[in-house]
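To keep things clear, I will list the structure first and then write my remarks on it.
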Amino acid sequence: MLYQGIQNIQHGAESATGILITNLGTPDAPTKEALKPYLKEFLMDPRVVEPPPARWLWRLILNGIILNTRPEKSAEAYQTIWDSEGEGAPLLNITQRQVNAIANVVRPHFQGRVEFVLGMRYGNPSIASGLKALQAKGCQRILVLPLYPQYAAATTASTFDAVTAELQTWRWLPEIRFINHYHRHTGYIKALANSIREYQAQHGKPQLLVLSYHGVPQRYLDNGDPYHCECLVTSRLVAEELELSKDEYRTTFQSLFGKEEWIKPYTDATLKALPAEGIKSIQVICPGFSADCLETIEEIGEENREYFEEAGGEKFGFIRCLNDREDHTHALADLVLQHTQGWVERDGFNKEADQKERTTVQKNAKQMGCPYNLKVTSPPITKGGFFFKMM
């Protein structure tokens, strides 16, 4: 393997901390043609679909059946949430805003330079391109924040796989830190509770609050994945913050795929059964999703609403994800600040001493005929963010 390196290194350049914020991803367009490569990348990830012993069999099923039928149906669903006025996919648009908002809160706490980029696990912009952007900006320390509150191998660990796959091709590795969950972070729990209180102040309290998380196959839990347990912890802490009794909330799991058993109870089955139990007024929130996307806007806000109402439900409320609301931004910024402690740009940075050292290095580099004196400055925070300006 020919390892990638930065040729003509600029000696004495200002170092930086890089923050890579990631999420699941989205197709480039709400079309069958765009969905096919996106779904293929997603469903070929062995963390997402742990394949049978015969890997070739899954490839055959995926390429021969699923990718010839599912893209068209998925495209139709994406078209219902796609912004036709130029904003595009909600998940990408919201996550861009989150990156910018977090950067604005974090930067004043850094004495040295800190750069922020966005990378999606599937689709564009990729995690690999985000890491390369940080490398190009001289980031010698990188913190990775996947926006998955609850750890799951299919999401958090898959992100780690993508990060390390890219770094395995680099000649000069940066220091790396990785946040693998924040399901019980105080700021996150309070932000969820605040969003529920605000919604109920406007729409009233329901008979039941449903906390719906993305599901995973039961065998993942059986094999030691902590995701199910972390979801239950989040629900319990939110209920405690809201002072709810056990019969005032339920935890369910949505977005089933395939025919095998997934962790229960299922969201759709629960909502279909609630009216028969005498529960005809509910509100649903999705704490496992940091930003609204197809699974929240369309699946919960539309599809599951219909299930509930067709079964006799009378009042359905959908509480949007935390997105870029201020308390959520501060919770995520707090995570960044916690996990960057001790890094030179964050703590103990002496601008005068740093400039003196860089001047000495540049002088020596000049005498040896090496590249030197590369000036690197932090870019302004704009709607598209630094990474998108580079692209």
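Residue numbering restarts at 1 for every chain of the structure tokens, chains are lettered A, B, ... in their displayed order, and ligands are numbered from 1 as they appear.
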Selection near A:Gly5, 8 Å with only C-alpha atoms, sequence-local residues under 6 positions removed, as a PDB file with N, CA and C atoms, in the first residue's frame:
ATOM      1  N   TRP A 170      -3.318   6.794   5.806  1.00  0.00           N
ATOM      2  CA  TRP A 170      -2.500   7.993   6.042  1.00  0.00           C
ATOM      3  C   TRP A 170      -1.098   7.618   6.513  1.00  0.00           C
ATOM      4  N   ARG A 171      -0.128   8.421   6.104  1.00  0.00           N
ATOM      5  CA  ARG A 171       1.242   8.224   6.562  1.00  0.00           C
ATOM      6  C   ARG A 171       1.447   8.822   7.946  1.00  0.00           C
ATOM      7  N   TRP A 172       0.931  10.022   8.147  1.00  0.00           N
ATOM      8  CA  TRP A 172       1.104  10.730   9.421  1.00  0.00           C
ATOM      9  C   TRP A 172      -0.251  10.780  10.120  1.00  0.00           C
TER      10      TRP A 172
END
Extract, using only C-alpha atoms, all DNA, RNA and protein residues at most 8 Å from stretch 299-314 of chain A, discarding same-chain residues fewer than 6 positions from it, and format them as a list of chain:residue names.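 The residues that qualify are A:Ser255, A:Thr267, A:Asp268, A:Leu271, A:Lys272, A:Ala273, A:Leu274, A:Pro275, A:Ala276, A:Ile279, A:Lys280, A:Ser281, A:Val284.
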Residues of stretch 17-75 of chain A that approach stretch 139-160 of chain A to 10 Å or less, counting only C-alpha atoms: could you list each one with the shortest pair of atoms and its distance in Å to one decimal, rows by chain and increasing residue number, as a tab-separated table?
residue	atom	partner	partner_atom	distance
A:Thr17	CA	A:Arg141	CA	4.8
A:Gly18	CA	A:Ile142	CA	4.5
A:Ile19	CA	A:Leu143	CA	4.9
A:Leu20	CA	A:Val144	CA	4.8
A:Ile21	CA	A:Leu145	CA	4.8
A:Thr22	CA	A:Pro146	CA	4.6
A:Asn23	CA	A:Leu147	CA	5.5
A:Leu24	CA	A:Thr155	CA	7.5
A:Asp45	CA	A:Ser158	CA	7.8
A:Pro46	CA	A:Ala154	CA	8.3
A:Arg47	CA	A:Ala154	CA	4.7
A:Val48	CA	A:Ala154	CA	4.6
A:Val49	CA	A:Ala154	CA	8.0
A:Glu50	CA	A:Ala154	CA	9.0
Report the distance between atom CA of A:Leu67 and atom CA of A:Ala291 in Å, rounded to one decimal place.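 About the pair atom CA of A:Leu67 and atom CA of A:Ala291: they are 26.3 Å apart.
Nearest-residue note for A:Lys137: choosing from A:Leu244, A:Ile94, A:Leu335, A:Ile6, the minimum distance belongs to A:Ile6, counting only C-alpha atoms.
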Between atom CA of A:Ser195 and atom CA of A:Glu277, what distance in Å does the model show, to one decimal? 27.0 Å
Where in stretch 115-330 of chain A does DSSP assign strand (DSSP E or B), given as number ranges by chain? A: 115-123, 126, 139-146, 170, 175-178, 208-214, 217, 249-254, 262, 266, 281-285, 315-319
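The environment of A:Trp343 within 12 Å, counting only C-alpha atoms and disregarding residues fewer than 2 places along the same chain, consists of A:Ser15, A:Ala16, A:Thr17, A:Gly18, A:Phe110, A:Gln111, A:Gly112, A:Arg113, A:Val114, A:Cys139, A:Gln140, A:Arg141, A:Ile142, A:Leu143, A:Glu175, A:Ile176, A:Arg177, A:Val336, A:Leu337, A:Gln338, A:His339, A:Thr340, A:Gln341, A:Glu345, A:Arg346, A:Asp347, A:Gly348, A:Phe349.
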Take the residues from that selection and write them out as an mmCIF file, in the first residue's frame, keeping N, CA and C atoms.
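Saved to again-v2.cif:
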data_model
loop_
_atom_site.group_PDB
_atom_site.id
_atom_site.type_symbol
_atom_site.label_atom_id
_atom_site.label_comp_id
_atom_site.auth_asym_id
_atom_site.auth_seq_id
_atom_site.Cartn_x
_atom_site.Cartn_y
_atom_site.Cartn_z
ATOM 1 N N SER A 15 -0.679 24.678 14.161
ATOM 2 C CA SER A 15 -1.419 23.430 14.339
ATOM 3 C C SER A 15 -2.856 23.725 14.724
ATOM 4 N N ALA A 16 -3.695 22.682 14.703
ATOM 5 C CA ALA A 16 -5.111 22.874 15.013
ATOM 6 C C ALA A 16 -5.724 21.593 15.541
ATOM 7 N N THR A 17 -6.833 21.765 16.237
ATOM 8 C CA THR A 17 -7.694 20.647 16.621
ATOM 9 C C THR A 17 -8.835 20.584 15.613
ATOM 10 N N GLY A 18 -9.163 19.397 15.162
ATOM 11 C CA GLY A 18 -10.264 19.218 14.227
ATOM 12 C C GLY A 18 -11.421 18.498 14.881
ATOM 13 N N PHE A 110 -11.517 27.883 22.957
ATOM 14 C CA PHE A 110 -10.216 27.454 22.462
ATOM 15 C C PHE A 110 -9.286 28.649 22.356
ATOM 16 N N GLN A 111 -8.082 28.491 22.870
ATOM 17 C CA GLN A 111 -7.082 29.541 22.753
ATOM 18 C C GLN A 111 -6.344 29.429 21.418
ATOM 19 N N GLY A 112 -6.261 28.198 20.881
ATOM 20 C CA GLY A 112 -5.654 27.966 19.583
ATOM 21 C C GLY A 112 -6.725 27.738 18.535
ATOM 22 N N ARG A 113 -6.315 27.222 17.388
ATOM 23 C CA ARG A 113 -7.236 27.074 16.261
ATOM 24 C C ARG A 113 -8.002 25.764 16.352
ATOM 25 N N VAL A 114 -9.300 25.809 16.049
ATOM 26 C CA VAL A 114 -10.147 24.619 16.021
ATOM 27 C C VAL A 114 -11.020 24.678 14.771
ATOM 28 N N CYS A 139 -4.792 19.867 10.998
ATOM 29 C CA CYS A 139 -5.318 19.364 12.282
ATOM 30 C C CYS A 139 -4.516 18.143 12.720
ATOM 31 N N GLN A 140 -3.792 18.286 13.793
ATOM 32 C CA GLN A 140 -2.976 17.198 14.332
ATOM 33 C C GLN A 140 -3.678 16.430 15.436
ATOM 34 N N ARG A 141 -4.817 16.946 15.857
ATOM 35 C CA ARG A 141 -5.658 16.271 16.839
ATOM 36 C C ARG A 141 -7.086 16.311 16.316
ATOM 37 N N ILE A 142 -7.786 15.169 16.308
ATOM 38 C CA ILE A 142 -9.136 15.103 15.753
ATOM 39 C C ILE A 142 -10.077 14.413 16.740
ATOM 40 N N LEU A 143 -11.181 15.069 17.027
ATOM 41 C CA LEU A 143 -12.251 14.478 17.834
ATOM 42 C C LEU A 143 -13.402 14.125 16.907
ATOM 43 N N GLU A 175 -3.641 12.553 16.448
ATOM 44 C CA GLU A 175 -4.229 12.027 17.678
ATOM 45 C C GLU A 175 -5.730 11.940 17.451
ATOM 46 N N ILE A 176 -6.331 10.869 17.941
ATOM 47 C CA ILE A 176 -7.762 10.657 17.705
ATOM 48 C C ILE A 176 -8.489 10.409 19.030
ATOM 49 N N ARG A 177 -9.626 11.070 19.183
ATOM 50 C CA ARG A 177 -10.560 10.751 20.264
ATOM 51 C C ARG A 177 -11.928 10.538 19.631
ATOM 52 N N VAL A 336 -18.096 18.170 23.232
ATOM 53 C CA VAL A 336 -16.845 18.512 22.550
ATOM 54 C C VAL A 336 -15.830 19.066 23.544
ATOM 55 N N LEU A 337 -16.280 19.955 24.400
ATOM 56 C CA LEU A 337 -15.365 20.565 25.360
ATOM 57 C C LEU A 337 -14.856 19.549 26.382
ATOM 58 N N GLN A 338 -15.714 18.640 26.798
ATOM 59 C CA GLN A 338 -15.284 17.586 27.729
ATOM 60 C C GLN A 338 -14.183 16.726 27.118
ATOM 61 N N HIS A 339 -14.363 16.380 25.859
ATOM 62 C CA HIS A 339 -13.477 15.395 25.230
ATOM 63 C C HIS A 339 -12.255 16.003 24.551
ATOM 64 N N THR A 340 -12.122 17.323 24.591
ATOM 65 C CA THR A 340 -10.913 17.949 24.052
ATOM 66 C C THR A 340 -10.028 18.510 25.158
ATOM 67 N N GLN A 341 -10.353 18.222 26.402
ATOM 68 C CA GLN A 341 -9.541 18.710 27.509
ATOM 69 C C GLN A 341 -8.108 18.176 27.389
ATOM 70 N N GLU A 345 -4.440 23.204 21.802
ATOM 71 C CA GLU A 345 -5.226 24.344 21.322
ATOM 72 C C GLU A 345 -6.338 24.720 22.287
ATOM 73 N N ARG A 346 -6.732 23.771 23.109
ATOM 74 C CA ARG A 346 -7.812 24.018 24.065
ATOM 75 C C ARG A 346 -7.276 24.547 25.393
ATOM 76 N N ASP A 347 -6.278 23.872 25.949
ATOM 77 C CA ASP A 347 -5.756 24.209 27.276
ATOM 78 C C ASP A 347 -4.248 24.470 27.216
ATOM 79 N N GLY A 348 -3.827 25.447 27.923
ATOM 80 C CA GLY A 348 -2.390 25.688 28.051
ATOM 81 C C GLY A 348 -1.729 26.264 26.818
ATOM 82 N N PHE A 349 -2.512 26.806 25.908
ATOM 83 C CA PHE A 349 -1.942 27.365 24.684
ATOM 84 C C PHE A 349 -1.362 28.740 24.985
#
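With only C-alpha atoms as the basis for measurement, A:Gly187 is the residue among A:Pro206, A:Pro108, A:Gly187, A:Gly278 that approaches A:Glu241 most closely.
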Secondary structure check, helix (DSSP H, G or I) residues of stretch 150-357 of chain A, as a PyMOL selection string: chain A and resi 153-167+186-203+218-222+227-242+246-248+267-277+294-310+326-339+351-357
Measuring between only C-alpha atoms, which one of A:His109, A:Pro71, A:Ile319, A:Thr80 shows the shortest distance to A:Gln202? A:Ile319
So how far away is atom CA of A:Ser235 from atom CA of A:Glu198, in Å?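 Interatomic distance here is 17.7 Å.
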What's the 12 Å shell around A:Glu230, counting only C-alpha atoms, without same-chain residues fewer than 6 positions away, as a count of residues only? 18
Check the smallest atom-to-atom distance from each of A:Asn104, A:Thr252, A:Thr31, A:Thr95 to A:Lys73 using only C-alpha atoms, then report the winner.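 Checking each candidate against A:Lys73, we get A:Thr31 as the closest.
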Who sits within 6 Å of stretch 258-263 of chain A, only C-alpha atoms, same chain under 2 positions skipped, as a list in words: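 Skipping anything fewer than 2 positions along the chain leaves Val216, Pro217 and Gln218 of chain A.
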C-alpha atoms of the current selection, written as a PDB file, in the first residue's frame:
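Produced file out-v3.pdb, reproduced below:
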ATOM      1  CA  VAL A 216     -32.199  -3.380  15.587  1.00  0.00           C
ATOM      2  CA  PRO A 217     -32.514  -7.152  15.161  1.00  0.00           C
ATOM      3  CA  GLN A 218     -33.046  -9.076  18.385  1.00  0.00           C
TER       4      GLN A 218
END
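Closest to A:Asp324 among A:Val106, A:Leu91, A:Ile127, A:Ile66 is A:Leu91, based on only C-alpha atoms.
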Quick one: residues within 10 Å of A:Ile196, only C-alpha atoms counted, chain neighbours fewer than 2 positions away excluded, as a list in words?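 Listing them by chain and then by number gives Lys190, Ala191, Leu192, Ala193, Asn194, Glu198, Tyr199, Gln200, Ala201, Lys205, Leu209, Val238, Leu242, Gln283, Val284, Ile285, Ile319 and Arg320 of chain A.
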